[in-house]
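J.: Got a structure for you, questions after.
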Amino acid sequence: MSLLRRLPIDRFLLMLLGAVLLASLLPVRGEAAVAFAWLTKLAIAALFFLHGARLSPRTVLEGLIHWRLHATVFAATFLLFPLLGAVITWLTPALLPSSLAMGVMFLCLLPSTIQSSIAFTSIAGGNIPAAICSASASNILGMFITPLLVGLLMSAEGGGVSMQALGAILLQLLAPFLAGQLLQRWIGERVVRHKARLALVDRGAILMVVYLAFSEARVAGLWGQLSPAALAVMVAIDMLLLAAVLVITTLASRWLGFSREDEITIVFCGSKKSLTSGVPMAHVLFPPALIGSIILPVMLFHQIQLFVCALLARRYARRAEAAPPR
C-alpha cells in the first residue's frame with residue numbers, strides 16, 4: 001500500500017480502469033442499459049451545472065483583456081492539435097486500427113481542461129487569471145467547435161455532426177452550464193465550499209459514461225478487435241503528441257515575447273485535453289459500437305498529461321525559486 005501511494009498514478013485513472021474492467025466482465029444490457037443511459041445523461045447535466053456554478057463571471061472578465069495569450073492557447077488547442085492529429089493518423093495507418101486512429105483524431109479536437117490547467121499554472125507560478133479565462137472559454141466554445149471539427153475532419157471515417165447531435169450537446173452540456181452561471185450568484189460560494197464532496201458528481205458522471213460506453217463496446221466485440229501491439233502504439237502516439245505540443249507551445253510563447261508567467265499559462269492550457277467534455281461528446285457524436293475505442297486514447301492521454309505536466313510544473317517552480325529577485 002505504501003508503494004502504491006508513492007507511485008505517480010492518478011487514482012481517478014484507476015477508477016476509470018476499474019470501470020472498463022467491470023464493463024468488460026459485467027456489461028449492462030437491454031432495458032437496464034436504456035435506464036442506465038438516462039441516469040448517465042442526468043449525471044452529465046449535473047456535472048456541467050456545477051461547472052457553471054463554480055465559475056465566477058468576474059474572474060473570467062479579469063482575464064479577457066489578455067487577448068494575445070488567449071489567441072495563442074486557442075491556436076494550440078484547435079489548430080495545432082488537429083494538424084498534428086491529421087499528420088499522425090496519416091503516417092500510421094498500418095499501425096493502428098481505424099477505430100483507435102479515430103480516437104486519436106477525436107482527442108486532438110477536444111477543448112482544454114479547466115481544473116488541471118489552472119492547478120498546474122498555479123503550481124508553476126503562471127498567470128492564474130488568464131489561465132482561468134482561457135481554460136473556461138476553451139471548454140465553453142469547445143461545445144460548438146469540437147462537433148464542427150468532428151463533422152469537418154472525421155465525417156468520412158464514421159464520425160460526424162448533425163443538427164440533432166448538436167442539439168443534444170447544447171441540451172446536455174451547455175444548457176446546464178448556463179443554468180449554473182445564472183445561479184452562480186446565489187449558490188457559487190456553497191459549491192466552492194463543498195468542492196471536495198461535489199467532486200464525486202464530476203467523477204461519478206465520467207465513470208458512468210465510461211462504464212456505459214465500454215459495456216456497449218463489449219457487446220459489440222471491442223476487445224476481440226484490439227491487439228496489445230495496437231494499444232502500445234496508441235500509448236506511444238499519445239506521448240509523442242503531448243511532447244510535440246509542449247515543445248511547440250514553449251518555443252512559440254518565447255518567440256512571441258510573452259513573459260515567463262504567460263508562457264507557463266500557454267504551455268499548460270494549450271497542451272491539455274478535457275476528458276470531462278470529451279467522453280460525453282463522444283457518446284453523442286459516435287455510434288455506440290465505436291465509443292469505447294474512441295475514448296480509450298482520451299483516457300490514456302488524460303493520465304499521461306497529468307503525470308508529465310505535474311513534473312513540468314515542479315520544474316518551473318524550482319526555476320522560479322532559484323532565479324535571482326527582480
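Order determines the names: the first chain of the C-alpha cells is A, the second B, and so forth; residues in each chain are numbered 1 upward, and ligands are numbered 1 upward as they are shown.
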Considering only C-alpha atoms, tabulate each residue of stretch 85-171 of chain A that lies at most 8 Å from stretch 232-235 of chain A along with its nearest interatomic pair and the corresponding distance in Å to one decimal; arrange the rows by chain and ascending residue number and present them as CSV.
T.:
```
residue,atom,partner,partner_atom,distance
A:Leu95,CA,A:Val233,CA,7.0
A:Leu96,CA,A:Val233,CA,7.1
A:Leu100,CA,A:Met234,CA,7.5
A:Val104,CA,A:Met234,CA,8.0
```
J.: Leaving out A:Ser215 and any residue of its chain fewer than 5 positions from it, which residues lie within 8 Å of it when counting only C-alpha atoms, given as number ranges by chain?
T.: A: 23-24, 26-29
J.: Work out how far atom CA of A:Ile44 is from atom CA of A:Cys269, in Å to one decimal.
T.: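 Between atom CA of A:Cys269 and atom CA of A:Ile44 the gap works out to 23.1 Å.
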J.: Can you list, as a list in words, every protein, DNA or RNA residue that comes within 12 Å of A:Val247 when you count only C-alpha atoms, leaving out same-chain residues fewer than 5 positions away?
T.: Ala76, Leu80, Leu240, Leu241, Leu242, Ala252, Ser253, Arg254, Glu263, Ile266, Val267, Phe268, Gly270, Ser271 and Leu312 of chain A
J.: Near stretch 188-201 of chain A, counting only C-alpha atoms, which residues have an atom at most 7 Å away, once you skip same-chain residues fewer than 6 positions from it, shown as a list in words?
T.: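 Once the nearby chain positions are removed, what remains is Leu47, Ala53 and Arg54 of chain A.
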J.: Any chance you can output those residues with all heavy atoms as a PDB file, in the first residue's frame?
T.:
```
ATOM      1  N   LEU A  47     -23.080  17.525 -13.765  1.00  0.00           N
ATOM      2  CA  LEU A  47     -21.654  17.861 -13.833  1.00  0.00           C
ATOM      3  C   LEU A  47     -21.445  19.247 -14.430  1.00  0.00           C
ATOM      4  O   LEU A  47     -20.721  20.093 -13.867  1.00  0.00           O
ATOM      5  CB  LEU A  47     -20.938  16.791 -14.667  1.00  0.00           C
ATOM      6  CG  LEU A  47     -19.424  16.841 -14.847  1.00  0.00           C
ATOM      7  CD1 LEU A  47     -18.917  15.434 -15.149  1.00  0.00           C
ATOM      8  CD2 LEU A  47     -19.033  17.765 -15.995  1.00  0.00           C
ATOM      9  N   ALA A  53     -21.743  26.756 -11.995  1.00  0.00           N
ATOM     10  CA  ALA A  53     -21.932  27.380 -10.680  1.00  0.00           C
ATOM     11  C   ALA A  53     -20.610  27.728 -10.023  1.00  0.00           C
ATOM     12  O   ALA A  53     -20.528  28.675  -9.235  1.00  0.00           O
ATOM     13  CB  ALA A  53     -22.729  26.441  -9.779  1.00  0.00           C
ATOM     14  N   ARG A  54     -19.543  26.983 -10.322  1.00  0.00           N
ATOM     15  CA  ARG A  54     -18.230  27.251  -9.722  1.00  0.00           C
ATOM     16  C   ARG A  54     -17.557  28.471 -10.333  1.00  0.00           C
ATOM     17  O   ARG A  54     -16.787  29.164  -9.670  1.00  0.00           O
ATOM     18  CB  ARG A  54     -17.300  26.049  -9.920  1.00  0.00           C
ATOM     19  CG  ARG A  54     -17.627  24.841  -9.098  1.00  0.00           C
ATOM     20  CD  ARG A  54     -16.491  23.839  -9.177  1.00  0.00           C
ATOM     21  NE  ARG A  54     -16.907  22.541  -8.692  1.00  0.00           N
ATOM     22  CZ  ARG A  54     -17.076  21.480  -9.458  1.00  0.00           C
ATOM     23  NH1 ARG A  54     -16.868  21.573 -10.752  1.00  0.00           N
ATOM     24  NH2 ARG A  54     -17.467  20.337  -8.940  1.00  0.00           N
TER      25      ARG A  54
END
```
J.: So which one's closest to A:Leu231, A:Asn127, A:Pro288, A:Leu25, A:Gly103? Using only C-alpha atoms, please.
T.: A:Gly103
J.: Any idea what's packed within 12 Å of A:Leu22, counting only C-alpha atoms, ignoring anything in its chain fewer than 5 positions away? Could you give it as an mmCIF file with all heavy atoms, in the first residue's frame?
T.:
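Contents of the output file result_19.cif:
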```
data_model
loop_
_atom_site.group_PDB
_atom_site.id
_atom_site.type_symbol
_atom_site.label_atom_id
_atom_site.label_comp_id
_atom_site.auth_asym_id
_atom_site.auth_seq_id
_atom_site.Cartn_x
_atom_site.Cartn_y
_atom_site.Cartn_z
ATOM 1 N N MET A 15 -9.791 4.295 -11.128
ATOM 2 C CA MET A 15 -11.244 4.136 -11.150
ATOM 3 C C MET A 15 -11.745 3.927 -12.579
ATOM 4 O O MET A 15 -12.635 3.102 -12.834
ATOM 5 C CB MET A 15 -11.918 5.365 -10.546
ATOM 6 C CG MET A 15 -11.635 5.591 -9.090
ATOM 7 S SD MET A 15 -12.537 7.053 -8.486
ATOM 8 C CE MET A 15 -11.605 7.420 -7.008
ATOM 9 N N LEU A 16 -11.178 4.687 -13.522
ATOM 10 C CA LEU A 16 -11.575 4.529 -14.925
ATOM 11 C C LEU A 16 -11.255 3.125 -15.424
ATOM 12 O O LEU A 16 -12.067 2.491 -16.100
ATOM 13 C CB LEU A 16 -10.858 5.571 -15.789
ATOM 14 C CG LEU A 16 -11.307 7.020 -15.633
ATOM 15 C CD1 LEU A 16 -10.344 7.947 -16.375
ATOM 16 C CD2 LEU A 16 -12.714 7.220 -16.149
ATOM 17 N N LEU A 17 -10.064 2.646 -15.086
ATOM 18 C CA LEU A 17 -9.686 1.296 -15.499
ATOM 19 C C LEU A 17 -10.596 0.266 -14.840
ATOM 20 O O LEU A 17 -10.938 -0.753 -15.454
ATOM 21 C CB LEU A 17 -8.219 1.039 -15.139
ATOM 22 C CG LEU A 17 -7.191 1.890 -15.888
ATOM 23 C CD1 LEU A 17 -5.780 1.581 -15.391
ATOM 24 C CD2 LEU A 17 -7.286 1.670 -17.392
ATOM 25 N N PRO A 27 -21.079 -6.287 -18.520
ATOM 26 C CA PRO A 27 -21.657 -5.157 -19.257
ATOM 27 C C PRO A 27 -23.154 -5.024 -18.988
ATOM 28 O O PRO A 27 -23.849 -6.019 -18.766
ATOM 29 C CB PRO A 27 -21.392 -5.521 -20.722
ATOM 30 C CG PRO A 27 -21.308 -7.015 -20.730
ATOM 31 C CD PRO A 27 -20.686 -7.401 -19.413
ATOM 32 N N VAL A 28 -23.635 -3.790 -18.994
ATOM 33 C CA VAL A 28 -25.065 -3.563 -18.832
ATOM 34 C C VAL A 28 -25.741 -3.786 -20.184
ATOM 35 O O VAL A 28 -25.234 -3.370 -21.225
ATOM 36 C CB VAL A 28 -25.332 -2.142 -18.278
ATOM 37 C CG1 VAL A 28 -24.863 -1.066 -19.256
ATOM 38 C CG2 VAL A 28 -26.797 -1.952 -17.947
ATOM 39 N N LEU A 207 -17.342 8.255 -14.748
ATOM 40 C CA LEU A 207 -17.269 6.802 -14.575
ATOM 41 C C LEU A 207 -18.507 6.120 -15.150
ATOM 42 O O LEU A 207 -18.413 5.040 -15.757
ATOM 43 C CB LEU A 207 -17.121 6.463 -13.091
ATOM 44 C CG LEU A 207 -15.776 6.815 -12.454
ATOM 45 C CD1 LEU A 207 -15.826 6.601 -10.954
ATOM 46 C CD2 LEU A 207 -14.649 5.986 -13.063
ATOM 47 N N MET A 208 -19.678 6.741 -14.979
ATOM 48 C CA MET A 208 -20.901 6.177 -15.537
ATOM 49 C C MET A 208 -20.845 6.134 -17.058
ATOM 50 O O MET A 208 -21.221 5.138 -17.683
ATOM 51 C CB MET A 208 -22.112 6.991 -15.072
ATOM 52 C CG MET A 208 -22.441 6.828 -13.600
ATOM 53 S SD MET A 208 -23.767 7.938 -13.055
ATOM 54 C CE MET A 208 -25.180 7.233 -13.917
ATOM 55 N N VAL A 210 -18.133 6.130 -18.951
ATOM 56 C CA VAL A 210 -17.119 5.165 -19.373
ATOM 57 C C VAL A 210 -17.659 3.736 -19.248
ATOM 58 O O VAL A 210 -17.486 2.911 -20.157
ATOM 59 C CB VAL A 210 -15.837 5.340 -18.533
ATOM 60 C CG1 VAL A 210 -14.872 4.171 -18.763
ATOM 61 C CG2 VAL A 210 -15.158 6.653 -18.897
ATOM 62 N N TYR A 211 -18.327 3.440 -18.143
ATOM 63 C CA TYR A 211 -18.894 2.098 -17.967
ATOM 64 C C TYR A 211 -19.922 1.791 -19.053
ATOM 65 O O TYR A 211 -19.925 0.694 -19.643
ATOM 66 C CB TYR A 211 -19.530 1.969 -16.591
ATOM 67 C CG TYR A 211 -20.273 0.674 -16.397
ATOM 68 C CD1 TYR A 211 -19.584 -0.532 -16.300
ATOM 69 C CD2 TYR A 211 -21.667 0.660 -16.342
ATOM 70 C CE1 TYR A 211 -20.275 -1.730 -16.141
ATOM 71 C CE2 TYR A 211 -22.357 -0.534 -16.180
ATOM 72 C CZ TYR A 211 -21.659 -1.723 -16.078
ATOM 73 O OH TYR A 211 -22.341 -2.906 -15.937
ATOM 74 N N LEU A 212 -20.797 2.764 -19.339
ATOM 75 C CA LEU A 212 -21.808 2.559 -20.371
ATOM 76 C C LEU A 212 -21.169 2.388 -21.744
ATOM 77 O O LEU A 212 -21.548 1.495 -22.517
ATOM 78 C CB LEU A 212 -22.775 3.744 -20.393
ATOM 79 C CG LEU A 212 -23.908 3.684 -21.417
ATOM 80 C CD1 LEU A 212 -24.814 2.482 -21.161
ATOM 81 C CD2 LEU A 212 -24.714 4.981 -21.395
ATOM 82 N N ALA A 213 -20.159 3.229 -22.039
ATOM 83 C CA ALA A 213 -19.503 3.164 -23.346
ATOM 84 C C ALA A 213 -18.812 1.822 -23.549
ATOM 85 O O ALA A 213 -18.935 1.189 -24.610
ATOM 86 C CB ALA A 213 -18.493 4.304 -23.478
ATOM 87 N N PHE A 214 -18.100 1.356 -22.545
ATOM 88 C CA PHE A 214 -17.376 0.104 -22.704
ATOM 89 C C PHE A 214 -18.300 -1.104 -22.585
ATOM 90 O O PHE A 214 -17.974 -2.183 -23.097
ATOM 91 C CB PHE A 214 -16.222 0.033 -21.708
ATOM 92 C CG PHE A 214 -15.002 0.768 -22.192
ATOM 93 C CD1 PHE A 214 -14.827 2.101 -21.905
ATOM 94 C CD2 PHE A 214 -14.053 0.131 -22.969
ATOM 95 C CE1 PHE A 214 -13.725 2.792 -22.362
ATOM 96 C CE2 PHE A 214 -12.940 0.809 -23.439
ATOM 97 C CZ PHE A 214 -12.771 2.145 -23.137
ATOM 98 N N SER A 215 -19.444 -0.951 -21.926
ATOM 99 C CA SER A 215 -20.444 -2.016 -21.964
ATOM 100 C C SER A 215 -20.947 -2.200 -23.395
ATOM 101 O O SER A 215 -21.047 -3.334 -23.901
ATOM 102 C CB SER A 215 -21.616 -1.673 -21.038
ATOM 103 O OG SER A 215 -21.249 -1.728 -19.685
ATOM 104 N N ARG A 218 -18.194 -3.693 -25.396
ATOM 105 C CA ARG A 218 -18.013 -5.117 -25.064
ATOM 106 C C ARG A 218 -19.054 -5.963 -25.797
ATOM 107 O O ARG A 218 -18.733 -7.018 -26.357
ATOM 108 C CB ARG A 218 -18.151 -5.296 -23.551
ATOM 109 C CG ARG A 218 -18.279 -6.740 -23.082
ATOM 110 C CD ARG A 218 -16.983 -7.508 -23.277
ATOM 111 N NE ARG A 218 -17.081 -8.818 -22.682
ATOM 112 C CZ ARG A 218 -17.668 -9.874 -23.245
ATOM 113 N NH1 ARG A 218 -18.217 -9.749 -24.450
ATOM 114 N NH2 ARG A 218 -17.703 -11.037 -22.635
#
```
J.: Please measure the separation of atom CA of A:Pro147 and atom CA of A:Ser134, giving the value in Å to one decimal.
T.: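 Separation of atom CA of A:Pro147 and atom CA of A:Ser134: 19.3 Å.
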J.: When you look at A:Met102 with a cut-off of 9 Å (counting only C-alpha atoms), what residues show up, excluding the ones that are within fewer than 2 positions of it in the same chain? I need them as a list of chain:residue names.
T.: A:Thr89, A:Pro97, A:Ser98, A:Ser99, A:Leu100, A:Val104, A:Met105, A:Phe106, A:Leu107, A:Met154, A:Glu157, A:Gly158, A:Gly159, A:Ser293, A:Ile294
J.: Convert the current residue selection to file output with all heavy atoms, as a CSV table (one decimal), in the first residue's frame.
T.:
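To be explicit, this is the file written out as out_26.csv:
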```csv
chain,number,residue,atom,x,y,z
A,89,THR,N,-2.2,10.4,-37.9
A,89,THR,CA,-3.1,9.3,-38.4
A,89,THR,C,-2.8,9.0,-39.9
A,89,THR,O,-3.0,7.9,-40.3
A,89,THR,CB,-4.6,9.7,-38.3
A,89,THR,OG1,-4.8,11.0,-38.8
A,89,THR,CG2,-5.0,9.8,-36.8
A,97,PRO,N,-5.6,0.3,-35.6
A,97,PRO,CA,-7.0,0.0,-36.2
A,97,PRO,C,-7.6,1.3,-36.4
A,97,PRO,O,-7.4,2.3,-35.8
A,97,PRO,CB,-7.7,-0.8,-35.0
A,97,PRO,CG,-6.6,-1.3,-34.2
A,97,PRO,CD,-5.4,-0.3,-34.3
A,98,SER,N,-8.5,1.3,-37.4
A,98,SER,CA,-9.2,2.6,-37.8
A,98,SER,C,-10.0,3.2,-36.6
A,98,SER,O,-10.0,4.5,-36.5
A,98,SER,CB,-10.2,2.4,-38.9
A,98,SER,OG,-11.1,1.4,-38.6
A,99,SER,N,-10.5,2.4,-35.7
A,99,SER,CA,-11.3,3.0,-34.6
A,99,SER,C,-10.4,3.7,-33.6
A,99,SER,O,-10.7,4.8,-33.1
A,99,SER,CB,-12.0,1.8,-33.9
A,99,SER,OG,-11.1,0.8,-33.4
A,100,LEU,N,-9.2,3.2,-33.3
A,100,LEU,CA,-8.3,3.9,-32.5
A,100,LEU,C,-7.7,5.1,-33.1
A,100,LEU,O,-7.5,6.1,-32.5
A,100,LEU,CB,-7.1,2.9,-32.1
A,100,LEU,CG,-7.4,1.9,-31.0
A,100,LEU,CD1,-6.2,1.1,-30.6
A,100,LEU,CD2,-8.0,2.5,-29.7
A,104,VAL,N,-7.7,8.9,-31.6
A,104,VAL,CA,-6.6,9.8,-31.6
A,104,VAL,C,-7.0,11.2,-32.2
A,104,VAL,O,-6.7,12.2,-31.7
A,104,VAL,CB,-5.3,9.3,-32.2
A,104,VAL,CG1,-4.2,10.3,-32.3
A,104,VAL,CG2,-4.8,8.0,-31.5
A,105,MET,N,-7.7,11.1,-33.3
A,105,MET,CA,-8.1,12.3,-34.0
A,105,MET,C,-9.1,13.1,-33.2
A,105,MET,O,-9.1,14.3,-33.1
A,105,MET,CB,-8.7,12.0,-35.4
A,105,MET,CG,-8.9,13.2,-36.3
A,105,MET,SD,-7.3,14.0,-36.7
A,105,MET,CE,-7.9,15.7,-36.9
A,106,PHE,N,-10.1,12.3,-32.6
A,106,PHE,CA,-11.1,13.0,-31.8
A,106,PHE,C,-10.4,13.6,-30.5
A,106,PHE,O,-10.8,14.7,-30.2
A,106,PHE,CB,-12.1,11.9,-31.3
A,106,PHE,CG,-13.1,12.4,-30.4
A,106,PHE,CD1,-14.1,13.4,-30.8
A,106,PHE,CD2,-13.2,12.0,-29.1
A,106,PHE,CE1,-15.1,13.9,-30.0
A,106,PHE,CE2,-14.2,12.5,-28.2
A,106,PHE,CZ,-15.1,13.5,-28.7
A,107,LEU,N,-9.4,13.0,-30.0
A,107,LEU,CA,-8.7,13.6,-28.9
A,107,LEU,C,-8.1,14.9,-29.3
A,107,LEU,O,-8.2,15.9,-28.5
A,107,LEU,CB,-7.5,12.6,-28.5
A,107,LEU,CG,-6.3,13.2,-27.7
A,107,LEU,CD1,-6.8,13.6,-26.3
A,107,LEU,CD2,-5.2,12.2,-27.7
A,154,MET,N,-13.8,14.4,-39.6
A,154,MET,CA,-14.0,12.9,-39.4
A,154,MET,C,-15.2,12.4,-40.0
A,154,MET,O,-15.6,11.2,-39.8
A,154,MET,CB,-14.1,12.7,-37.9
A,154,MET,CG,-12.8,13.1,-37.1
A,154,MET,SD,-12.9,12.8,-35.3
A,154,MET,CE,-13.0,11.0,-35.3
A,157,GLU,N,-14.9,9.1,-41.8
A,157,GLU,CA,-14.5,7.9,-41.1
A,157,GLU,C,-15.5,7.5,-40.1
A,157,GLU,O,-15.1,6.8,-39.1
A,157,GLU,CB,-13.1,8.3,-40.4
A,157,GLU,CG,-12.1,8.6,-41.4
A,157,GLU,CD,-10.7,8.9,-40.7
A,157,GLU,OE1,-10.6,8.5,-39.6
A,157,GLU,OE2,-9.9,9.6,-41.3
A,158,GLY,N,-16.7,7.8,-40.2
A,158,GLY,CA,-17.7,7.3,-39.3
A,158,GLY,C,-18.1,8.3,-38.2
A,158,GLY,O,-19.1,8.0,-37.5
A,159,GLY,N,-17.4,9.4,-38.1
A,159,GLY,CA,-17.8,10.4,-37.1
A,159,GLY,C,-18.6,11.5,-37.9
A,159,GLY,O,-18.7,11.5,-39.1
A,293,SER,N,-13.6,2.5,-28.2
A,293,SER,CA,-12.3,2.7,-28.8
A,293,SER,C,-12.0,4.2,-29.1
A,293,SER,O,-10.9,4.6,-29.1
A,293,SER,CB,-12.2,1.9,-30.1
A,293,SER,OG,-13.2,2.1,-31.0
A,294,ILE,N,-13.1,5.0,-29.2
A,294,ILE,CA,-12.9,6.4,-29.4
A,294,ILE,C,-12.4,7.1,-28.2
A,294,ILE,O,-11.5,7.9,-28.2
A,294,ILE,CB,-14.2,7.0,-29.9
A,294,ILE,CG1,-14.7,6.6,-31.3
A,294,ILE,CG2,-14.2,8.6,-29.8
A,294,ILE,CD1,-13.8,7.1,-32.4
```
J.: Output as a ChimeraX atom specification all residues of stretch 14-88 of chain A that backbone DSSP marks as alpha helix (DSSP H).
T.: /A:14-25,30-54,57-64,67-75,81-88
J.: Which residues come within 8 Å of A:Ile291, counting only C-alpha atoms, excluding same-chain residues fewer than 4 positions away, as a list in words?
T.: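 Residues near the query, excluding close chain neighbours: Ala213, Phe214, Glu216, Ala217, Ala282, His283, Phe286, Pro287 and Ile295 of chain A.
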J.: Provide the atom CA of A:Glu261 to atom CA of A:Asn139 distance in Å, to one decimal place.
T.: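 That distance, rounded to one decimal, is 21.8 Å.
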